[in-house]
Amino acid sequence: MKRRPGLVLPALALLLSGCGLHPLYSGGGSGAVATTLTRIEVGPIEGKSGWLMTNALHDRLSAGGATPLYRLEVKLDDQIIGLGVRSDDSVSRERRTLRARYQLIDLANGTVLLDATAGSDAGIDVVNSEYATIAAENTALERLSDIVADQIVSRVALYAQRTAAPKQ
């Protein structure tokens, strides 16, 4: 039987249209999700990891200067644990873990709309140079802040999509 490539894509599109998948950011910058994300202020987050997380969230939420309707409260747990041990009892490998508990709060009435967690970890090689090890730990924290911020914004975007008023 000879295949007809012109029929495969339309048939696939027809199958996917019935599965309930919808684009998260439909409507572009003026859609319900994008509009909600620009109306979120980020509460203060303590420490160096908090500074990095705040910047990462601001980059993703791209606050447009509009009056905020929501506040995102984030509490971080940043830990470094030694894993590998050399024969001289020094650590050869570390794992840096960044966990966030976050809440989306409605500023109108103080209601917690979303209460969830996000997190990730990274492996770090411990080398003879203390400077190189500290630089690797800092780089891991920067990378983890970006990953966790992506997780938080994705979850908030899903919440915004699910609670958006249905179009009439």
# chains A, B, ... in the order shown; residues from 1 in each chain; ligands from 1
>>> select_by_dssp(residues="segment 36-141 of chain A", states="strand (DSSP E)", output="PyMOL selection string")
chain A and resi 40-42+70-85+91-106+112-125
>>> write_last_selection(atoms="C-alpha atoms", output="JSON list (two decimals), in the first residue's frame")
[["chain", "number", "residue", "atom", "x", "y", "z"],
["A", 40, "ILE", "CA", 1.81, 39.01, 40.52],
["A", 41, "GLU", "CA", 4.24, 40.65, 42.93],
["A", 42, "VAL", "CA", 7.00, 38.59, 44.50],
["A", 70, "TYR", "CA", -1.64, 38.57, 43.75],
["A", 71, "ARG", "CA", 1.48, 38.05, 45.84],
["A", 72, "LEU", "CA", 3.81, 35.11, 45.52],
["A", 73, "GLU", "CA", 5.35, 34.15, 48.88],
["A", 74, "VAL", "CA", 8.34, 31.81, 48.60],
["A", 75, "LYS", "CA", 10.35, 30.09, 51.33],
["A", 76, "LEU", "CA", 13.55, 28.36, 50.23],
["A", 77, "ASP", "CA", 15.54, 25.47, 51.65],
["A", 78, "ASP", "CA", 19.07, 25.46, 50.17],
["A", 79, "GLN", "CA", 21.37, 22.64, 51.27],
["A", 80, "ILE", "CA", 24.73, 21.21, 50.27],
["A", 81, "ILE", "CA", 25.45, 17.62, 51.29],
["A", 82, "GLY", "CA", 28.78, 15.81, 50.85],
["A", 83, "LEU", "CA", 28.42, 12.50, 49.04],
["A", 84, "GLY", "CA", 31.72, 10.99, 47.98],
["A", 85, "VAL", "CA", 34.60, 10.52, 50.44],
["A", 91, "VAL", "CA", 34.59, 15.08, 50.33],
["A", 92, "SER", "CA", 34.92, 14.45, 46.60],
["A", 93, "ARG", "CA", 31.34, 15.14, 45.49],
["A", 94, "GLU", "CA", 28.51, 17.31, 46.77],
["A", 95, "ARG", "CA", 24.82, 17.59, 46.04],
["A", 96, "ARG", "CA", 23.18, 21.01, 46.21],
["A", 97, "THR", "CA", 19.42, 20.89, 46.71],
["A", 98, "LEU", "CA", 17.08, 23.85, 46.35],
["A", 99, "ARG", "CA", 13.49, 23.38, 47.48],
["A", 100, "ALA", "CA", 10.79, 26.04, 47.48],
["A", 101, "ARG", "CA", 7.44, 26.16, 49.21],
["A", 102, "TYR", "CA", 5.34, 28.84, 47.59],
["A", 103, "GLN", "CA", 1.90, 30.33, 48.01],
["A", 104, "LEU", "CA", -0.10, 32.49, 45.63],
["A", 105, "ILE", "CA", -2.13, 34.93, 47.71],
["A", 106, "ASP", "CA", -5.09, 37.01, 46.55],
["A", 112, "VAL", "CA", -4.23, 31.44, 49.67],
["A", 113, "LEU", "CA", -5.11, 30.38, 46.13],
["A", 114, "LEU", "CA", -2.23, 27.99, 45.54],
["A", 115, "ASP", "CA", 0.07, 26.26, 48.04],
["A", 116, "ALA", "CA", 2.70, 23.99, 46.49],
["A", 117, "THR", "CA", 6.37, 23.01, 46.39],
["A", 118, "ALA", "CA", 9.06, 22.88, 43.72],
["A", 119, "GLY", "CA", 12.65, 21.79, 43.77],
["A", 120, "SER", "CA", 15.68, 20.44, 42.03],
["A", 121, "ASP", "CA", 19.23, 19.34, 42.79],
["A", 122, "ALA", "CA", 22.65, 19.40, 41.16],
["A", 123, "GLY", "CA", 25.86, 17.44, 41.57],
["A", 124, "ILE", "CA", 29.13, 19.27, 42.22],
["A", 125, "ASP", "CA", 32.66, 17.88, 41.92]]
>>> closest_residue(among="A:Arg60, A:Lys48, A:Arg162, A:Arg155", to="Glu142 of chain A", atoms="only C-alpha atoms")
A:Lys48
>>> atom_distance(atom1="atom CA of Leu141 of chain A", atom2="atom CA of Ala160 of chain A")
28.1 Å
